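*Asks:* So here's input_13.tsv, just TSV, N, CA and C atoms:
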chain	number	residue	atom	x	y	z
A	17	MET	N	24.40	63.57	7.67
A	17	MET	CA	23.56	62.49	8.17
A	17	MET	C	24.08	61.17	7.60
A	18	PRO	N	24.25	60.13	8.44
A	18	PRO	CA	24.80	58.86	7.93
A	18	PRO	C	23.84	58.20	6.95
A	19	GLU	N	24.45	57.54	5.98
A	19	GLU	CA	23.68	56.84	4.96
A	19	GLU	C	23.11	55.55	5.54
A	20	GLU	N	21.86	55.27	5.20
A	20	GLU	CA	21.23	54.05	5.70
A	20	GLU	C	21.84	52.83	5.02
A	21	THR	N	22.06	51.80	5.79
A	21	THR	CA	22.58	50.56	5.23
A	21	THR	C	21.52	49.48	5.37
A	22	LYS	N	21.33	48.73	4.32
A	22	LYS	CA	20.38	47.63	4.36
A	22	LYS	C	21.05	46.43	5.01
A	23	SER	N	20.41	45.85	5.99
A	23	SER	CA	20.95	44.65	6.61
A	23	SER	C	20.28	43.43	5.98
A	24	LYS	N	21.10	42.53	5.58
A	24	LYS	CA	20.59	41.30	4.97
A	24	LYS	C	20.20	40.32	6.08
A	25	SER	N	19.12	39.64	5.88
A	25	SER	CA	18.71	38.61	6.82
A	25	SER	C	19.30	37.29	6.33
A	26	ILE	N	20.13	36.70	7.16
A	26	ILE	CA	20.79	35.46	6.79
A	26	ILE	C	20.37	34.37	7.77
A	27	THR	N	20.00	33.23	7.23
A	27	THR	CA	19.61	32.09	8.05
A	27	THR	C	20.68	31.01	7.94
A	28	PHE	N	21.16	30.54	9.09
A	28	PHE	CA	22.20	29.53	9.14
A	28	PHE	C	21.63	28.18	9.57
A	29	ALA	N	22.24	27.11	9.08
A	29	ALA	CA	21.93	25.77	9.57
A	29	ALA	C	23.10	24.85	9.24
A	30	VAL	N	23.22	23.79	10.01
A	30	VAL	CA	24.28	22.80	9.80
A	30	VAL	C	23.64	21.46	9.50
A	31	GLY	N	24.14	20.79	8.45
A	31	GLY	CA	23.67	19.46	8.10
A	31	GLY	C	24.82	18.48	8.17
A	32	ARG	N	24.52	17.26	8.55
A	32	ARG	CA	25.59	16.24	8.67
A	32	ARG	C	25.13	14.93	8.05
A	33	ARG	N	26.12	14.18	7.53
A	33	ARG	CA	25.90	12.83	7.03
A	33	ARG	C	27.24	12.13	6.98
A	34	LYS	N	27.34	10.95	7.59
A	34	LYS	CA	28.61	10.23	7.72
A	34	LYS	C	29.65	11.18	8.30
A	35	SER	N	30.74	11.44	7.60
A	35	SER	CA	31.74	12.38	8.14
A	35	SER	C	31.71	13.71	7.41
A	36	ALA	N	30.65	13.99	6.66
A	36	ALA	CA	30.52	15.26	5.95
A	36	ALA	C	29.72	16.25	6.80
A	37	ILE	N	30.19	17.50	6.81
A	37	ILE	CA	29.52	18.57	7.54
A	37	ILE	C	29.30	19.73	6.58
A	38	ALA	N	28.06	20.17	6.48
A	38	ALA	CA	27.71	21.27	5.58
A	38	ALA	C	27.14	22.43	6.39
A	39	ARG	N	27.72	23.62	6.20
A	39	ARG	CA	27.20	24.85	6.81
A	39	ARG	C	26.47	25.62	5.72
A	40	VAL	N	25.16	25.76	5.89
A	40	VAL	CA	24.30	26.35	4.86
A	40	VAL	C	23.87	27.75	5.31
A	41	ARG	N	23.97	28.72	4.39
A	41	ARG	CA	23.48	30.08	4.63
A	41	ARG	C	22.46	30.41	3.56
A	42	ILE	N	21.30	30.88	4.00
A	42	ILE	CA	20.27	31.35	3.06
A	42	ILE	C	20.14	32.85	3.24
A	43	MET	N	20.36	33.59	2.16
A	43	MET	CA	20.21	35.03	2.20
A	43	MET	C	18.76	35.38	1.84
A	44	SER	N	18.21	36.36	2.51
A	44	SER	CA	16.81	36.71	2.28
A	44	SER	C	16.62	37.50	0.99
A	45	GLU	N	17.72	38.03	0.46
A	45	GLU	CA	17.58	38.82	-0.77
A	45	GLU	C	17.05	37.94	-1.90
A	46	LYS	N	16.12	38.50	-2.64
A	46	LYS	CA	15.52	37.74	-3.74
A	46	LYS	C	16.35	37.95	-5.00
A	47	SER	N	16.53	36.90	-5.74
A	47	SER	CA	17.28	37.00	-6.99
A	47	SER	C	16.34	36.64	-8.14
A	48	ASN	N	16.90	36.56	-9.33
A	48	ASN	CA	16.09	36.21	-10.49
A	48	ASN	C	15.66	34.75	-10.45
A	49	GLY	N	16.46	33.92	-9.83
A	49	GLY	CA	16.15	32.50	-9.75
A	49	GLY	C	16.87	31.90	-8.57
A	50	ILE	N	17.15	30.61	-8.67
A	50	ILE	CA	17.86	29.92	-7.60
A	50	ILE	C	19.35	30.06	-7.85
A	51	SER	N	20.07	30.58	-6.85
A	51	SER	CA	21.52	30.73	-6.94
A	51	SER	C	22.15	29.95	-5.79
A	52	ILE	N	22.84	28.86	-6.13
A	52	ILE	CA	23.46	28.01	-5.11
A	52	ILE	C	24.95	27.92	-5.38
A	53	THR	N	25.76	28.28	-4.39
A	53	THR	CA	27.21	28.11	-4.50
A	53	THR	C	27.67	27.17	-3.40
A	54	ILE	N	28.51	26.21	-3.78
A	54	ILE	CA	29.07	25.25	-2.84
A	54	ILE	C	30.58	25.40	-2.88
A	55	ASN	N	31.18	25.78	-1.76
A	55	ASN	CA	32.63	26.03	-1.68
A	55	ASN	C	33.09	26.96	-2.79
A	56	ASP	N	32.37	28.05	-2.97
A	56	ASP	CA	32.68	29.10	-3.97
A	56	ASP	C	32.59	28.62	-5.41
A	57	LYS	N	31.89	27.55	-5.68
A	57	LYS	CA	31.65	27.07	-7.04
A	57	LYS	C	30.14	26.94	-7.25
A	58	ASP	N	29.71	27.08	-8.50
A	58	ASP	CA	28.32	26.84	-8.81
A	58	ASP	C	27.99	25.38	-8.52
A	59	TYR	N	26.79	25.12	-8.05
A	59	TYR	CA	26.45	23.74	-7.65
A	59	TYR	C	26.49	22.76	-8.82
A	60	LYS	N	26.27	23.25	-10.05
A	60	LYS	CA	26.32	22.35	-11.21
A	60	LYS	C	27.75	21.94	-11.54
A	61	LEU	N	28.72	22.77	-11.18
A	61	LEU	CA	30.13	22.40	-11.38
A	61	LEU	C	30.61	21.49	-10.25
A	62	TYR	N	30.16	21.79	-9.03
A	62	TYR	CA	30.59	21.00	-7.87
A	62	TYR	C	29.97	19.60	-7.87
A	63	LEU	N	28.72	19.52	-8.34
A	63	LEU	CA	28.00	18.25	-8.39
A	63	LEU	C	27.72	17.91	-9.85
A	64	PRO	N	28.60	17.16	-10.51
A	64	PRO	CA	28.45	16.94	-11.94
A	64	PRO	C	27.30	16.02	-12.33
A	65	TYR	N	26.83	15.17	-11.42
A	65	TYR	CA	25.78	14.22	-11.78
A	65	TYR	C	24.39	14.83	-11.57
A	66	PHE	N	23.51	14.61	-12.52
A	66	PHE	CA	22.16	15.15	-12.50
A	66	PHE	C	21.39	14.68	-11.27
A	67	GLU	N	21.60	13.43	-10.88
A	67	GLU	CA	20.90	12.87	-9.71
A	67	GLU	C	21.26	13.65	-8.44
A	68	TRP	N	22.54	13.99	-8.27
A	68	TRP	CA	22.98	14.76	-7.11
A	68	TRP	C	22.36	16.15	-7.12
A	69	GLN	N	22.27	16.76	-8.31
A	69	GLN	CA	21.68	18.08	-8.44
A	69	GLN	C	20.20	18.05	-8.07
A	70	GLN	N	19.50	17.00	-8.50
A	70	GLN	CA	18.08	16.86	-8.17
A	70	GLN	C	17.88	16.64	-6.67
A	71	ASP	N	18.78	15.84	-6.05
A	71	ASP	CA	18.71	15.63	-4.60
A	71	ASP	C	18.87	16.96	-3.86
A	72	LEU	N	19.79	17.80	-4.35
A	72	LEU	CA	20.06	19.08	-3.73
A	72	LEU	C	18.86	20.03	-3.83
A	73	LEU	N	18.16	19.97	-4.95
A	73	LEU	CA	17.03	20.88	-5.17
A	73	LEU	C	15.72	20.39	-4.54
A	74	ALA	N	15.70	19.16	-4.02
A	74	ALA	CA	14.47	18.58	-3.47
A	74	ALA	C	13.81	19.45	-2.39
A	75	PRO	N	14.56	19.94	-1.38
A	75	PRO	CA	13.89	20.76	-0.36
A	75	PRO	C	13.28	22.04	-0.93
A	76	LEU	N	13.91	22.61	-1.96
A	76	LEU	CA	13.40	23.83	-2.56
A	76	LEU	C	12.11	23.56	-3.33
A	77	LYS	N	12.06	22.41	-4.02
A	77	LYS	CA	10.86	22.06	-4.77
A	77	LYS	C	9.70	21.74	-3.84
A	78	ILE	N	9.98	21.07	-2.74
A	78	ILE	CA	8.94	20.70	-1.79
A	78	ILE	C	8.31	21.95	-1.16
A	79	THR	N	9.17	22.94	-0.84
A	79	THR	CA	8.68	24.15	-0.17
A	79	THR	C	8.25	25.24	-1.15
A	80	GLY	N	8.52	25.04	-2.44
A	80	GLY	CA	8.09	26.00	-3.45
A	80	GLY	C	8.97	27.24	-3.54
A	81	GLN	N	10.21	27.15	-3.10
A	81	GLN	CA	11.14	28.28	-3.18
A	81	GLN	C	11.74	28.32	-4.59
A	82	ASP	N	11.56	29.46	-5.29
A	82	ASP	CA	12.13	29.55	-6.63
A	82	ASP	C	13.01	30.79	-6.82
A	83	LYS	N	13.04	31.67	-5.82
A	83	LYS	CA	13.92	32.85	-5.87
A	83	LYS	C	14.65	32.94	-4.56
A	84	ILE	N	15.88	32.39	-4.55
A	84	ILE	CA	16.60	32.27	-3.29
A	84	ILE	C	18.10	32.23	-3.57
A	85	VAL	N	18.90	32.76	-2.64
A	85	VAL	CA	20.36	32.74	-2.75
A	85	VAL	C	20.89	31.88	-1.61
A	86	ILE	N	21.66	30.84	-1.97
A	86	ILE	CA	22.16	29.88	-0.98
A	86	ILE	C	23.68	29.78	-1.12
A	87	SER	N	24.37	29.83	0.02
A	87	SER	CA	25.81	29.66	0.04
A	87	SER	C	26.12	28.50	1.00
A	88	VAL	N	26.96	27.57	0.56
A	88	VAL	CA	27.24	26.37	1.36
A	88	VAL	C	28.75	26.18	1.49
A	89	ARG	N	29.19	25.84	2.69
A	89	ARG	CA	30.56	25.39	2.95
A	89	ARG	C	30.44	23.95	3.42
A	90	VAL	N	31.09	23.05	2.69
A	90	VAL	CA	30.99	21.63	3.04
A	90	VAL	C	32.38	21.04	3.06
A	91	LYS	N	32.62	20.13	4.02
A	91	LYS	CA	33.92	19.47	4.10
A	91	LYS	C	33.73	18.07	4.66
A	92	GLY	N	34.70	17.22	4.38
A	92	GLY	CA	34.69	15.86	4.91
A	92	GLY	C	33.85	14.92	4.07
A	93	GLY	N	34.16	13.64	4.18
A	93	GLY	CA	33.37	12.62	3.51
A	93	GLY	C	33.54	12.62	2.00
A	94	GLY	N	32.69	11.84	1.35
A	94	GLY	CA	32.67	11.77	-0.10
A	94	GLY	C	31.60	12.69	-0.65
A	95	ILE	N	31.49	12.74	-1.97
A	95	ILE	CA	30.56	13.67	-2.61
A	95	ILE	C	29.10	13.33	-2.24
A	96	LYS	N	28.72	12.06	-2.27
A	96	LYS	CA	27.34	11.69	-1.96
A	96	LYS	C	27.00	12.02	-0.51
A	97	GLY	N	27.93	11.78	0.41
A	97	GLY	CA	27.72	12.15	1.80
A	97	GLY	C	27.59	13.66	1.95
A	98	GLN	N	28.36	14.40	1.16
A	98	GLN	CA	28.28	15.86	1.20
A	98	GLN	C	26.92	16.33	0.69
A	99	VAL	N	26.42	15.69	-0.38
A	99	VAL	CA	25.11	16.06	-0.92
A	99	VAL	C	24.04	15.86	0.14
A	100	ASP	N	24.07	14.71	0.82
A	100	ASP	CA	23.08	14.43	1.85
A	100	ASP	C	23.19	15.41	3.02
A	101	ALA	N	24.43	15.81	3.36
A	101	ALA	CA	24.63	16.78	4.43
A	101	ALA	C	24.07	18.15	4.03
A	102	ILE	N	24.28	18.54	2.77
A	102	ILE	CA	23.76	19.83	2.29
A	102	ILE	C	22.24	19.82	2.30
A	103	VAL	N	21.64	18.73	1.85
A	103	VAL	CA	20.17	18.63	1.82
A	103	VAL	C	19.62	18.74	3.24
A	104	ASN	N	20.25	18.06	4.20
A	104	ASN	CA	19.81	18.13	5.58
A	104	ASN	C	19.93	19.55	6.13
A	105	GLY	N	21.05	20.20	5.85
A	105	GLY	CA	21.24	21.58	6.32
A	105	GLY	C	20.29	22.55	5.66
A	106	LEU	N	20.05	22.36	4.37
A	106	LEU	CA	19.13	23.24	3.64
A	106	LEU	C	17.70	23.11	4.17
A	107	ALA	N	17.29	21.87	4.45
A	107	ALA	CA	15.95	21.65	5.01
A	107	ALA	C	15.82	22.31	6.38
A	108	LYS	N	16.86	22.22	7.21
A	108	LYS	CA	16.82	22.85	8.53
A	108	LYS	C	16.77	24.37	8.41
A	109	ALA	N	17.51	24.94	7.45
A	109	ALA	CA	17.51	26.38	7.26
A	109	ALA	C	16.15	26.87	6.76
A	110	LEU	N	15.54	26.12	5.84
A	110	LEU	CA	14.20	26.50	5.35
A	110	LEU	C	13.18	26.43	6.48
A	111	LEU	N	13.37	25.50	7.38
A	111	LEU	CA	12.46	25.36	8.52
A	111	LEU	C	12.56	26.57	9.45
A	112	LYS	N	13.77	27.14	9.58
A	112	LYS	CA	13.94	28.35	10.40
A	112	LYS	C	13.24	29.55	9.76
A	113	ILE	N	13.18	29.56	8.43
A	113	ILE	CA	12.52	30.66	7.73
A	113	ILE	C	11.00	30.58	7.93
A	114	ASP	N	10.44	29.38	7.75
A	114	ASP	CA	8.99	29.21	7.90
A	114	ASP	C	8.70	27.86	8.54
A	115	GLU	N	8.13	27.90	9.73
A	115	GLU	CA	7.83	26.67	10.48
A	115	GLU	C	6.76	25.82	9.81
A	116	ASN	N	5.99	26.40	8.90
A	116	ASN	CA	4.93	25.65	8.22
A	116	ASN	C	5.46	24.61	7.25
A	117	PHE	N	6.75	24.67	6.92
A	117	PHE	CA	7.36	23.69	6.01
A	117	PHE	C	7.62	22.35	6.70
A	118	ARG	N	7.50	22.31	8.03
A	118	ARG	CA	7.91	21.12	8.79
A	118	ARG	C	7.22	19.84	8.32
A	119	ALA	N	5.92	19.85	8.12
A	119	ALA	CA	5.19	18.63	7.77
A	119	ALA	C	5.66	18.08	6.42
A	120	ALA	N	5.82	18.95	5.43
A	120	ALA	CA	6.24	18.50	4.10
A	120	ALA	C	7.67	17.97	4.11
A	121	LEU	N	8.58	18.68	4.81
A	121	LEU	CA	9.98	18.25	4.87
A	121	LEU	C	10.13	16.96	5.67
A	122	ARG	N	9.35	16.84	6.75
A	122	ARG	CA	9.41	15.63	7.58
A	122	ARG	C	8.90	14.42	6.81
A	123	LYS	N	7.84	14.63	6.01
A	123	LYS	CA	7.26	13.53	5.23
A	123	LYS	C	8.28	12.95	4.24
A	124	GLU	N	9.11	13.82	3.68
A	124	GLU	CA	10.14	13.37	2.73
A	124	GLU	C	11.40	12.88	3.44
A	125	GLY	N	11.47	13.01	4.75
A	125	GLY	CA	12.62	12.52	5.52
A	125	GLY	C	13.85	13.40	5.42
A	126	LEU	N	13.67	14.68	5.12
A	126	LEU	CA	14.81	15.57	4.92
A	126	LEU	C	15.29	16.20	6.22
A	127	LEU	N	14.50	16.17	7.27
A	127	LEU	CA	14.91	16.76	8.53
A	127	LEU	C	15.65	15.77	9.43
A	128	THR	N	15.55	14.49	9.12
A	128	THR	CA	16.19	13.47	9.94
A	128	THR	C	17.63	13.26	9.50
A	129	ARG	N	18.55	13.34	10.45
A	129	ARG	CA	19.95	13.11	10.14
A	129	ARG	C	20.18	11.61	10.06
A	130	ASP	N	20.79	11.16	8.95
A	130	ASP	CA	21.12	9.75	8.80
A	130	ASP	C	22.39	9.50	9.61
A	131	SER	N	22.26	8.85	10.75
A	131	SER	CA	23.37	8.76	11.70
A	131	SER	C	24.30	7.58	11.45
A	132	ARG	N	24.11	6.87	10.35
A	132	ARG	CA	25.00	5.72	10.10
A	132	ARG	C	26.39	6.21	9.73
A	133	ILE	N	27.38	5.81	10.51
A	133	ILE	CA	28.76	6.17	10.23
A	133	ILE	C	29.60	4.90	10.21
A	134	LYS	N	30.81	5.01	9.70
A	134	LYS	CA	31.67	3.85	9.60
A	134	LYS	C	32.06	3.36	11.00
A	135	GLU	N	31.94	2.04	11.19
A	135	GLU	CA	32.27	1.45	12.48
A	135	GLU	C	33.78	1.39	12.64
A	136	ARG	N	34.25	1.58	13.86
A	136	ARG	CA	35.69	1.61	14.08
A	136	ARG	C	36.30	0.21	13.97
A	137	LYS	N	37.59	0.17	13.62
A	137	LYS	CA	38.32	-1.09	13.52
A	137	LYS	C	38.70	-1.56	14.93
A	138	LYS	N	38.51	-2.87	15.17
A	138	LYS	CA	38.86	-3.43	16.47
A	138	LYS	C	40.22	-4.12	16.41
A	139	PRO	N	40.93	-4.16	17.55
A	139	PRO	CA	42.25	-4.81	17.56
A	139	PRO	C	42.14	-6.30	17.25
A	140	GLY	N	43.09	-6.80	16.47
A	140	GLY	CA	43.11	-8.22	16.13
A	140	GLY	C	42.28	-8.56	14.91
A	141	LEU	N	41.50	-7.61	14.39
A	141	LEU	CA	40.69	-7.84	13.21
A	141	LEU	C	41.23	-7.02	12.03
A	142	LYS	N	40.89	-7.46	10.83
A	142	LYS	CA	41.36	-6.76	9.64
A	142	LYS	C	40.56	-5.48	9.39
A	143	LYS	N	39.25	-5.56	9.62
A	143	LYS	CA	38.38	-4.38	9.50
A	143	LYS	C	37.54	-4.33	10.78
A	144	ALA	N	36.39	-3.69	10.73
A	144	ALA	CA	35.58	-3.56	11.94
A	144	ALA	C	35.15	-4.92	12.47
A	145	ARG	N	34.75	-5.82	11.55
A	145	ARG	CA	34.28	-7.15	11.97
A	145	ARG	C	34.98	-8.30	11.26
A	146	ARG	N	35.72	-8.00	10.22
A	146	ARG	CA	36.38	-9.03	9.41
A	146	ARG	C	37.58	-9.59	10.15
A	147	ALA	N	37.50	-10.90	10.49
A	147	ALA	CA	38.61	-11.57	11.19
A	147	ALA	C	39.60	-12.09	10.17
A	148	PRO	N	40.87	-12.28	10.59
A	148	PRO	CA	41.85	-12.88	9.68
A	148	PRO	C	41.41	-14.29	9.27
A	149	GLN	N	41.82	-14.69	8.07
A	149	GLN	CA	41.44	-16.01	7.58
A	149	GLN	C	42.03	-17.09	8.48
A	150	TRP	N	41.20	-18.07	8.87
A	150	TRP	CA	41.67	-19.12	9.75
A	150	TRP	C	42.45	-20.16	8.96
A	151	SER	N	43.52	-20.62	9.57
A	151	SER	CA	44.34	-21.64	8.92
A	151	SER	C	44.54	-22.78	9.89
A	152	LYS	N	44.32	-24.00	9.43
A	152	LYS	CA	44.41	-25.16	10.32
A	152	LYS	C	45.88	-25.38	10.75
A	153	ARG	N	46.81	-25.12	9.83
A	153	ARG	CA	48.23	-25.36	10.14
A	153	ARG	C	49.03	-24.11	9.94
Please express the file's structure as structure tokens.

*Replies:*
Amino acid sequence: MPEETKSKSITFAVGRRKSAIARVRIMSEKSNGISITINDKDYKLYLPYFEWQQDLLAPLKITGQDKIVISVRVKGGGIKGQVDAIVNGLAKALLKIDENFRAALRKEGLLTRDSRIKERKKPGLKKARRAPQWSKR
């Protein structure tokens, strides 16, 4: 008789900010505490600043999740943009787990994607809007 295999319930979500894209996976298996890995590194090693770590944990604190396993793949942008992308993806994934979290996450603004991106450079200008210095002669 074949051996029974336990299937893990995995919830996926994608978060974006500027040019950073984060693919977040939440495993339903319960652990001893919060286990977060970002690009195969512990989140405390990947995000050295305490403020970034607190930003990352905000959706978990709001929803009261204290025993959860999270795996994140993030690429593009700078570290702060990546943190914001992870937070957005994590909030969306938590929302898929329990729809009752929507009001609390929406109130904190974690479900809204910050769509501000760098404006493209236009021809004849030095940057997006910066014109060359004018010279009378």

*Asks:* Got a sec to tell me which of segment 18-152 of chain A DSSP assigns to strand (DSSP E or B), as a ChimeraX atom specification?

*Replies:* /A:26-33,36-43,50-54,57-58,84-91

*Asks:* Counting all atoms listed in the file, what is within 6 Å of segment 107-120 of chain A, bar same-chain residues fewer than 5 positions away, as a list in words?

*Replies:* Thr27, Phe28, Ala29, Pro75, Ile102, Leu126 and Leu127 of chain A

*Asks:* Within 6 Å of Gly105 of chain A, counting only N, CA and C atoms, which residues show up once you throw out same-chain ones fewer than 5 positions away? Write them as a list in words, please.

*Replies:*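 After dropping sequence-adjacent residues, the list is Ala29, Val30, Gly31, Arg32, Ala38, Val40, Asp100 and Leu110 of chain A.
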
*Asks:* From the list A:Glu124, A:Asp130, A:Glu135, A:Asp56, which residue is nearest Ile86 of chain A when using only C-alpha atoms?

*Replies:* A:Asp56

*Asks:* Could you state the separation of atom CA of Ile50 of chain A and atom C of Ser35 of chain A in Å, given to one decimal place?

*Replies:* 26.1 Å

*Asks:* Which residue, A:Leu63, A:Ile78, A:Leu121, A:Ile42, has the smallest gap to Gln98 of chain A when you use only C-alpha atoms?

*Replies:*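 Closest candidate: A:Leu63.
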
*Asks:* To one decimal place, how far is atom N of Ile84 of chain A from atom CA of Ile54 of chain A in Å?

*Replies:*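 Between atom N of Ile84 of chain A and atom CA of Ile54 of chain A the gap is 15.1 Å.
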
*Asks:* Under the rule that only N, CA and C atoms are counted, which of A:Gly80, A:Ala36, A:Gly125, A:Arg153 is the nearest residue to Gly94 of chain A?

*Replies:*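 Smallest distance to Gly94 of chain A is found for A:Ala36.
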
*Asks:* Please list as a PyMOL selection string every residue within 8 Å of Gln69 of chain A, counting all atoms listed in the file and excluding residues in the same chain fewer than 6 positions away.

*Replies:* chain A and resi 59-60+63+99

*Asks:* Go through A:Gly97, A:Asn104, A:Arg89, A:Asp71 one by one, measure the shortest atom-to-atom distance of each to Arg129 of chain A using all atoms listed in the file, and give the residue with the smallest value.

*Replies:*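 When distances to Arg129 of chain A are compared using all atoms listed in the file, the smallest one comes from A:Asn104.
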
*Asks:* Just how far from atom CA of Arg41 of chain A is atom C of Arg122 of chain A, in Å to one decimal?

*Replies:* 21.5 Å
